[in-house]
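One file, my_file00.pdb, carrying PDB, C-alpha atoms:
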```
ATOM      1  CA  ALA A   1       0.000   0.000   0.000
ATOM      2  CA  GLY A   2       1.368   3.392  -0.970
ATOM      3  CA  LEU A   3       1.434   6.464   1.210
ATOM      4  CA  THR A   4      -1.162   9.185   0.848
ATOM      5  CA  PRO A   5       0.175  11.871  -1.527
ATOM      6  CA  VAL A   6       1.877  14.928  -0.080
ATOM      7  CA  GLU A   7       0.121  18.159  -0.969
ATOM      8  CA  LEU A   8       2.237  21.304  -1.374
ATOM      9  CA  ALA A   9       0.501  24.620  -0.744
ATOM     10  CA  ASP A  10       1.962  28.047  -1.382
ATOM     11  CA  ALA A  11      -0.221  29.514   1.366
ATOM     12  CA  LEU A  12      -0.155  28.775   5.065
ATOM     13  CA  LEU A  13      -3.101  26.617   6.146
ATOM     14  CA  ASP A  14      -4.626  26.901   9.618
ATOM     15  CA  ASP A  15      -4.122  23.178  10.350
ATOM     16  CA  TRP A  16      -0.452  23.458   9.390
ATOM     17  CA  LEU A  17       0.034  26.526  11.579
ATOM     18  CA  ALA A  18      -1.686  24.793  14.519
ATOM     19  CA  VAL A  19       0.833  21.918  14.349
ATOM     20  CA  ALA A  20       3.777  24.342  14.286
ATOM     21  CA  ALA A  21       2.309  26.322  17.174
ATOM     22  CA  GLY A  22       1.753  23.136  19.161
ATOM     23  CA  ARG A  23       5.342  22.008  18.596
ATOM     24  CA  LYS A  24       6.744  25.395  19.599
ATOM     25  CA  GLY A  25       4.413  26.057  22.536
ATOM     26  CA  GLY A  26       2.663  28.855  20.661
ATOM     27  CA  LEU A  27       3.796  31.270  17.998
ATOM     28  CA  PRO A  28       4.042  35.054  18.159
ATOM     29  CA  ASP A  29       1.968  37.125  15.748
ATOM     30  CA  ALA A  30       5.070  37.755  13.632
ATOM     31  CA  ALA A  31       5.479  34.019  12.967
ATOM     32  CA  ARG A  32       3.097  34.025   9.998
ATOM     33  CA  HIS A  33       5.250  36.692   8.327
ATOM     34  CA  VAL A  34       8.506  34.857   9.076
ATOM     35  CA  LEU A  35       7.101  31.585   7.721
ATOM     36  CA  THR A  36       5.756  33.108   4.515
ATOM     37  CA  ALA A  37       8.138  35.997   3.675
ATOM     38  CA  VAL A  38      10.197  33.968   1.213
ATOM     39  CA  GLY A  39       9.738  34.152  -2.551
ATOM     40  CA  GLN A  40       9.702  30.375  -3.011
ATOM     41  CA  VAL A  41       7.990  28.537  -0.148
ATOM     42  CA  ARG A  42       5.787  25.466   0.118
ATOM     43  CA  PHE A  43       3.863  24.100   3.062
ATOM     44  CA  ALA A  44       3.591  20.325   2.855
ATOM     45  CA  HIS A  45       0.771  18.385   4.417
ATOM     46  CA  VAL A  46      -0.477  14.819   4.303
ATOM     47  CA  TYR A  47      -4.086  14.001   5.101
ATOM     48  CA  ALA A  48      -5.815  10.627   5.185
ATOM     49  CA  ASP A  49      -9.585  10.458   5.568
ATOM     50  CA  GLY A  50      -9.654  14.121   6.575
ATOM     51  CA  VAL A  51      -7.088  13.629   9.363
ATOM     52  CA  LEU A  52      -3.809  15.536   9.226
ATOM     53  CA  LEU A  53      -0.873  13.111   9.474
ATOM     54  CA  ALA A  54       2.270  15.118   8.662
ATOM     55  CA  VAL A  55       3.540  18.587   7.774
ATOM     56  CA  GLY A  56       6.715  20.321   6.624
ATOM     57  CA  ARG A  57       8.017  23.576   5.179
ATOM     58  CA  GLY A  58      10.352  24.008   2.250
ATOM     59  CA  THR A  59      12.004  27.118   0.859
ATOM     60  CA  VAL A  60      14.292  27.683  -2.095
ATOM     61  CA  THR A  61      16.840  30.395  -1.395
ATOM     62  CA  GLY A  62      20.444  31.374  -2.110
ATOM     63  CA  ASP A  63      19.892  32.311  -5.752
ATOM     64  CA  GLY A  64      17.793  29.167  -6.175
ATOM     65  CA  ARG A  65      20.609  26.904  -5.037
ATOM     66  CA  TRP A  66      19.396  25.761  -1.616
ATOM     67  CA  LEU A  67      16.360  23.852  -0.425
ATOM     68  CA  GLY A  68      15.685  24.715   3.204
ATOM     69  CA  LEU A  69      13.639  22.217   5.203
ATOM     70  CA  SER A  70      12.005  23.098   8.498
ATOM     71  CA  LEU A  71       9.153  22.110  10.783
ATOM     72  CA  ILE A  72       8.995  18.566   9.418
ATOM     73  CA  GLU A  73       6.675  16.575  11.631
ATOM     74  CA  ALA A  74       4.569  13.454  11.625
ATOM     75  CA  LEU A  75       1.806  13.859  14.174
ATOM     76  CA  PRO A  76       1.921  11.501  17.175
ATOM     77  CA  HIS A  77      -0.858   9.232  15.864
ATOM     78  CA  ALA A  78       0.988   8.803  12.541
ATOM     79  CA  ARG A  79       4.623   8.325  13.527
ATOM     80  CA  ARG A  80       6.915   5.495  12.395
ATOM     81  CA  GLN A  81       5.140   5.143   9.028
ATOM     82  CA  GLY A  82       7.705   6.890   6.828
ATOM     83  CA  LEU A  83       5.698  10.109   6.575
ATOM     84  CA  ALA A  84       8.546  12.484   7.453
ATOM     85  CA  THR A  85      10.682  10.945   4.704
ATOM     86  CA  HIS A  86       7.666  11.133   2.374
ATOM     87  CA  VAL A  87       7.266  14.877   3.104
ATOM     88  CA  ILE A  88      11.006  15.508   2.674
ATOM     89  CA  ARG A  89      11.000  13.673  -0.660
ATOM     90  CA  ALA A  90       8.074  15.761  -1.959
ATOM     91  CA  LEU A  91       9.752  19.006  -0.887
ATOM     92  CA  ALA A  92      13.089  17.846  -2.368
ATOM     93  CA  ASP A  93      11.408  17.082  -5.696
ATOM     94  CA  TRP A  94       9.788  20.539  -5.661
ATOM     95  CA  GLY A  95      13.115  22.221  -4.819
ATOM     96  CA  ALA A  96      15.024  20.268  -7.456
ATOM     97  CA  ALA A  97      12.460  21.276 -10.089
ATOM     98  CA  LEU A  98      13.318  24.890  -9.231
ATOM     99  CA  GLY A  99      17.043  24.186  -9.566
ATOM    100  CA  ALA A 100      18.055  23.636  -5.936
ATOM    101  CA  SER A 101      21.123  21.408  -5.859
ATOM    102  CA  GLY A 102      21.778  21.384  -2.101
ATOM    103  CA  ALA A 103      19.663  21.144   1.004
ATOM    104  CA  PHE A 104      19.848  22.220   4.619
ATOM    105  CA  LEU A 105      17.504  21.759   7.515
ATOM    106  CA  GLN A 106      16.839  22.862  11.032
ATOM    107  CA  VAL A 107      16.233  20.389  13.817
ATOM    108  CA  GLU A 108      16.326  20.576  17.578
ATOM    109  CA  GLN A 109      19.289  18.522  18.797
ATOM    110  CA  ARG A 110      17.214  16.925  21.536
ATOM    111  CA  ASN A 111      14.821  15.505  18.913
ATOM    112  CA  THR A 112      16.745  12.236  18.674
ATOM    113  CA  PRO A 113      14.339  10.431  16.293
ATOM    114  CA  ALA A 114      14.516  13.335  13.815
ATOM    115  CA  VAL A 115      18.298  13.660  14.080
ATOM    116  CA  THR A 116      18.591   9.914  13.443
ATOM    117  CA  LEU A 117      16.329  10.163  10.381
ATOM    118  CA  TYR A 118      18.252  13.106   8.941
ATOM    119  CA  ARG A 119      21.596  11.352   9.431
ATOM    120  CA  ARG A 120      20.182   8.303   7.631
ATOM    121  CA  LEU A 121      19.191  10.631   4.764
ATOM    122  CA  GLY A 122      22.784  11.915   4.551
ATOM    123  CA  PHE A 123      22.592  15.166   6.530
ATOM    124  CA  THR A 124      25.409  16.093   8.908
ATOM    125  CA  THR A 125      25.723  18.879  11.471
ATOM    126  CA  HIS A 126      27.117  22.062   9.964
ATOM    127  CA  HIS A 127      26.548  24.334  12.945
ATOM    128  CA  THR A 128      24.365  24.743  15.987
ATOM    129  CA  TYR A 129      22.695  27.741  17.535
ATOM    130  CA  LEU A 130      21.046  28.626  20.782
ATOM    131  CA  THR A 131      17.697  30.336  21.103
ATOM    132  CA  ARG A 132      17.439  32.709  24.021
ATOM    133  CA  VAL A 133      14.245  33.993  25.557
ATOM    134  CA  ALA A 134      14.040  37.261  27.468
ATOM    135  CA  PRO A 135      13.316  36.804  31.191
TER     136      PRO A 135
END
```

The structure in this file should be written as structure tokens.
Amino acid sequence: AGLTPVELADALLDDWLAVAAGRKGGLPDAARHVLTAVGQVRFAHVYADGVLLAVGRGTVTGDGRWLGLSLIEALPHARRQGLATHVIRALADWGAALGASGAFLQVEQRNTPAVTLYRRLGFTTHHTYLTRVAP
């Protein structure tokens, strides 16, 4: 049995935003702008029987050379089914069609399952950063 197709939207959907907000513990009002203020952006989502299973965000930047992957997530009820890889593949195909020849991603280091997946897909750590929150 094949996986449900990944849909790529050029606009931010409420369901997609709700998943990102849930993962991040809420999003500031400026988040919508930050997520969408890129010339080439796609919001991936996978639904089955009206239930959202997985999401992801892809951008093509750097003079069309780089595919940026972020906020890749299979929802808890749909994990361990290959959906994150499925979303990444759809975004990679989209980026390649626009001429992207390299890819980078953002992942929280403590997200061991995601780090393991990305290493299996050939990604390595280039650099790390620390997010600080005002007291």

**Request:** Specify as a list in words each residue included when the PyMOL selection byres ((chain A and resi 95) around 9) is applied to this file.
**Result:** Gly58, Thr59, Val60, Gly64, Arg65, Trp66, Leu67, Gly68, Ala90, Leu91, Ala92, Asp93, Trp94, Ala96, Ala97, Leu98, Gly99, Ala100, Ser101 and Ala103 of chain A

Would you save the residues from that selection as a short mmCIF file (atom, residue, chain, number, x, y, z; two decimals), keeping the file's coordinate frame, using C-alpha atoms?
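result.cif written:
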```
data_model
loop_
_atom_site.label_atom_id
_atom_site.label_comp_id
_atom_site.auth_asym_id
_atom_site.auth_seq_id
_atom_site.Cartn_x
_atom_site.Cartn_y
_atom_site.Cartn_z
CA GLY A 58 10.35 24.01 2.25
CA THR A 59 12.00 27.12 0.86
CA VAL A 60 14.29 27.68 -2.10
CA GLY A 64 17.79 29.17 -6.18
CA ARG A 65 20.61 26.90 -5.04
CA TRP A 66 19.40 25.76 -1.62
CA LEU A 67 16.36 23.85 -0.42
CA GLY A 68 15.68 24.72 3.20
CA ALA A 90 8.07 15.76 -1.96
CA LEU A 91 9.75 19.01 -0.89
CA ALA A 92 13.09 17.85 -2.37
CA ASP A 93 11.41 17.08 -5.70
CA TRP A 94 9.79 20.54 -5.66
CA ALA A 96 15.02 20.27 -7.46
CA ALA A 97 12.46 21.28 -10.09
CA LEU A 98 13.32 24.89 -9.23
CA GLY A 99 17.04 24.19 -9.57
CA ALA A 100 18.06 23.64 -5.94
CA SER A 101 21.12 21.41 -5.86
CA ALA A 103 19.66 21.14 1.00
#
```

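From atom CA of A:Thr4 back to atom CA of A:Leu83, the distance works out to 9.0 Å.
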
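Using the PyMOL selection byres ((chain A and resi 38-55) around 6) on this structure selects Val6, Glu7, Leu8, Ala9, Asp10, Thr36, Ala37, Gly56, Arg57, Gly58, Thr59, Val60, Ile72, Glu73, Ala74, Leu75 and Ala78 of chain A.
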
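Proximity ranking of A:Ala20, A:Thr116, A:Leu12, A:Gly26 relative to A:Ser70 places A:Ala20 first, based on all atoms listed in the file.
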
Draw an axis-aligned box tight on the listed atoms of stretch 71-83 of chain A, then pad every side by 5 Å and write out centre and edge lengths in Å to one decimal as AutoDock Vina command-line options.
```
--center_x 4.1 --center_y 13.6 --center_z 11.9 --size_x 20.0 --size_y 27.0 --size_z 20.6
```

**Selection result of the PyMOL selection byres ((chain A and resi 126) around 12) on this file, as a PyMOL selection string** = chain A and resi 103-107+123-125+127-129

**Request:** Would you work out the distance separating atom CA of A:Tyr118 from atom CA of A:Thr85, expressed in Å to one decimal?
**Result:** 8.9 Å

**Complete:** The residue from A:Leu35, A:Ala18, A:Leu3, A:Leu130 with the smallest atom-to-atom distance to A:Val87, counting only C-alpha atoms, is A:Leu3

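Reported to one decimal place, the separation of atom CA of A:His77 from atom CA of A:Val115 is 19.7 Å.
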
Please produce stretch 41-52 of chain A, completed to all heavy atoms, as a PDB file, in the coordinates of the input.
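Contents of result-v6.pdb, freshly written:
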```pdb
ATOM      1  N   VAL A  41       8.286  29.298  -1.361  1.00  0.00           N
ATOM      2  CA  VAL A  41       7.990  28.537  -0.148  1.00  0.00           C
ATOM      3  C   VAL A  41       6.826  27.592  -0.418  1.00  0.00           C
ATOM      4  O   VAL A  41       5.912  27.921  -1.185  1.00  0.00           O
ATOM      5  CB  VAL A  41       7.675  29.474   1.053  1.00  0.00           C
ATOM      6  CG1 VAL A  41       6.445  30.323   0.792  1.00  0.00           C
ATOM      7  CG2 VAL A  41       7.535  28.689   2.358  1.00  0.00           C
ATOM      8  N   ARG A  42       6.888  26.415   0.190  1.00  0.00           N
ATOM      9  CA  ARG A  42       5.787  25.466   0.118  1.00  0.00           C
ATOM     10  C   ARG A  42       5.559  24.870   1.502  1.00  0.00           C
ATOM     11  O   ARG A  42       6.508  24.577   2.229  1.00  0.00           O
ATOM     12  CB  ARG A  42       6.056  24.330  -0.873  1.00  0.00           C
ATOM     13  CG  ARG A  42       6.033  24.757  -2.336  1.00  0.00           C
ATOM     14  CD  ARG A  42       4.664  25.243  -2.773  1.00  0.00           C
ATOM     15  NE  ARG A  42       4.625  25.643  -4.159  1.00  0.00           N
ATOM     16  CZ  ARG A  42       4.896  26.872  -4.609  1.00  0.00           C
ATOM     17  NH1 ARG A  42       5.254  27.831  -3.771  1.00  0.00           N
ATOM     18  NH2 ARG A  42       4.814  27.144  -5.898  1.00  0.00           N
ATOM     19  N   PHE A  43       4.288  24.708   1.811  1.00  0.00           N
ATOM     20  CA  PHE A  43       3.863  24.100   3.062  1.00  0.00           C
ATOM     21  C   PHE A  43       3.289  22.730   2.718  1.00  0.00           C
ATOM     22  O   PHE A  43       2.271  22.641   2.039  1.00  0.00           O
ATOM     23  CB  PHE A  43       2.827  24.987   3.768  1.00  0.00           C
ATOM     24  CG  PHE A  43       3.387  26.336   4.102  1.00  0.00           C
ATOM     25  CD1 PHE A  43       3.191  27.413   3.250  1.00  0.00           C
ATOM     26  CD2 PHE A  43       4.144  26.511   5.250  1.00  0.00           C
ATOM     27  CE1 PHE A  43       3.736  28.656   3.543  1.00  0.00           C
ATOM     28  CE2 PHE A  43       4.687  27.752   5.548  1.00  0.00           C
ATOM     29  CZ  PHE A  43       4.487  28.829   4.697  1.00  0.00           C
ATOM     30  N   ALA A  44       3.989  21.695   3.165  1.00  0.00           N
ATOM     31  CA  ALA A  44       3.591  20.325   2.855  1.00  0.00           C
ATOM     32  C   ALA A  44       2.634  19.812   3.914  1.00  0.00           C
ATOM     33  O   ALA A  44       2.789  20.114   5.101  1.00  0.00           O
ATOM     34  CB  ALA A  44       4.832  19.436   2.797  1.00  0.00           C
ATOM     35  N   HIS A  45       1.671  19.035   3.470  1.00  0.00           N
ATOM     36  CA  HIS A  45       0.771  18.385   4.417  1.00  0.00           C
ATOM     37  C   HIS A  45       0.266  17.082   3.804  1.00  0.00           C
ATOM     38  O   HIS A  45       0.131  16.953   2.590  1.00  0.00           O
ATOM     39  CB  HIS A  45      -0.390  19.292   4.825  1.00  0.00           C
ATOM     40  CG  HIS A  45      -1.122  19.914   3.680  1.00  0.00           C
ATOM     41  ND1 HIS A  45      -0.708  21.047   3.046  1.00  0.00           N
ATOM     42  CD2 HIS A  45      -2.237  19.523   3.044  1.00  0.00           C
ATOM     43  CE1 HIS A  45      -1.538  21.351   2.070  1.00  0.00           C
ATOM     44  NE2 HIS A  45      -2.478  20.438   2.042  1.00  0.00           N
ATOM     45  N   VAL A  46       0.048  16.122   4.699  1.00  0.00           N
ATOM     46  CA  VAL A  46      -0.477  14.819   4.303  1.00  0.00           C
ATOM     47  C   VAL A  46      -1.727  14.562   5.139  1.00  0.00           C
ATOM     48  O   VAL A  46      -1.672  14.610   6.371  1.00  0.00           O
ATOM     49  CB  VAL A  46       0.551  13.689   4.558  1.00  0.00           C
ATOM     50  CG1 VAL A  46      -0.036  12.338   4.169  1.00  0.00           C
ATOM     51  CG2 VAL A  46       1.851  13.951   3.816  1.00  0.00           C
ATOM     52  N   TYR A  47      -2.819  14.352   4.456  1.00  0.00           N
ATOM     53  CA  TYR A  47      -4.086  14.001   5.101  1.00  0.00           C
ATOM     54  C   TYR A  47      -4.496  12.601   4.668  1.00  0.00           C
ATOM     55  O   TYR A  47      -4.225  12.203   3.540  1.00  0.00           O
ATOM     56  CB  TYR A  47      -5.213  14.950   4.656  1.00  0.00           C
ATOM     57  CG  TYR A  47      -5.197  16.313   5.265  1.00  0.00           C
ATOM     58  CD1 TYR A  47      -4.511  17.360   4.666  1.00  0.00           C
ATOM     59  CD2 TYR A  47      -5.900  16.572   6.445  1.00  0.00           C
ATOM     60  CE1 TYR A  47      -4.517  18.629   5.220  1.00  0.00           C
ATOM     61  CE2 TYR A  47      -5.903  17.846   7.007  1.00  0.00           C
ATOM     62  CZ  TYR A  47      -5.212  18.861   6.389  1.00  0.00           C
ATOM     63  OH  TYR A  47      -5.222  20.119   6.947  1.00  0.00           O
ATOM     64  N   ALA A  48      -5.162  11.888   5.548  1.00  0.00           N
ATOM     65  CA  ALA A  48      -5.815  10.627   5.185  1.00  0.00           C
ATOM     66  C   ALA A  48      -7.182  10.639   5.858  1.00  0.00           C
ATOM     67  O   ALA A  48      -7.282  10.864   7.066  1.00  0.00           O
ATOM     68  CB  ALA A  48      -5.002   9.430   5.653  1.00  0.00           C
ATOM     69  N   ASP A  49      -8.213  10.462   5.061  1.00  0.00           N
ATOM     70  CA  ASP A  49      -9.585  10.458   5.568  1.00  0.00           C
ATOM     71  C   ASP A  49      -9.887  11.718   6.388  1.00  0.00           C
ATOM     72  O   ASP A  49     -10.519  11.648   7.449  1.00  0.00           O
ATOM     73  CB  ASP A  49      -9.860   9.201   6.402  1.00  0.00           C
ATOM     74  CG  ASP A  49      -9.697   7.927   5.586  1.00  0.00           C
ATOM     75  OD1 ASP A  49     -10.092   7.942   4.394  1.00  0.00           O
ATOM     76  OD2 ASP A  49      -9.162   6.942   6.121  1.00  0.00           O
ATOM     77  N   GLY A  50      -9.387  12.851   5.914  1.00  0.00           N
ATOM     78  CA  GLY A  50      -9.654  14.121   6.575  1.00  0.00           C
ATOM     79  C   GLY A  50      -8.836  14.378   7.830  1.00  0.00           C
ATOM     80  O   GLY A  50      -9.010  15.401   8.484  1.00  0.00           O
ATOM     81  N   VAL A  51      -7.925  13.475   8.168  1.00  0.00           N
ATOM     82  CA  VAL A  51      -7.088  13.629   9.363  1.00  0.00           C
ATOM     83  C   VAL A  51      -5.680  14.018   8.937  1.00  0.00           C
ATOM     84  O   VAL A  51      -5.067  13.350   8.093  1.00  0.00           O
ATOM     85  CB  VAL A  51      -7.056  12.311  10.181  1.00  0.00           C
ATOM     86  CG1 VAL A  51      -6.130  12.435  11.381  1.00  0.00           C
ATOM     87  CG2 VAL A  51      -8.461  11.923  10.612  1.00  0.00           C
ATOM     88  N   LEU A  52      -5.160  15.089   9.530  1.00  0.00           N
ATOM     89  CA  LEU A  52      -3.809  15.536   9.226  1.00  0.00           C
ATOM     90  C   LEU A  52      -2.806  14.568   9.841  1.00  0.00           C
ATOM     91  O   LEU A  52      -2.875  14.266  11.037  1.00  0.00           O
ATOM     92  CB  LEU A  52      -3.587  16.953   9.772  1.00  0.00           C
ATOM     93  CG  LEU A  52      -2.243  17.596   9.461  1.00  0.00           C
ATOM     94  CD1 LEU A  52      -2.023  17.736   7.956  1.00  0.00           C
ATOM     95  CD2 LEU A  52      -2.155  18.969  10.134  1.00  0.00           C
TER      96      LEU A  52
END
```
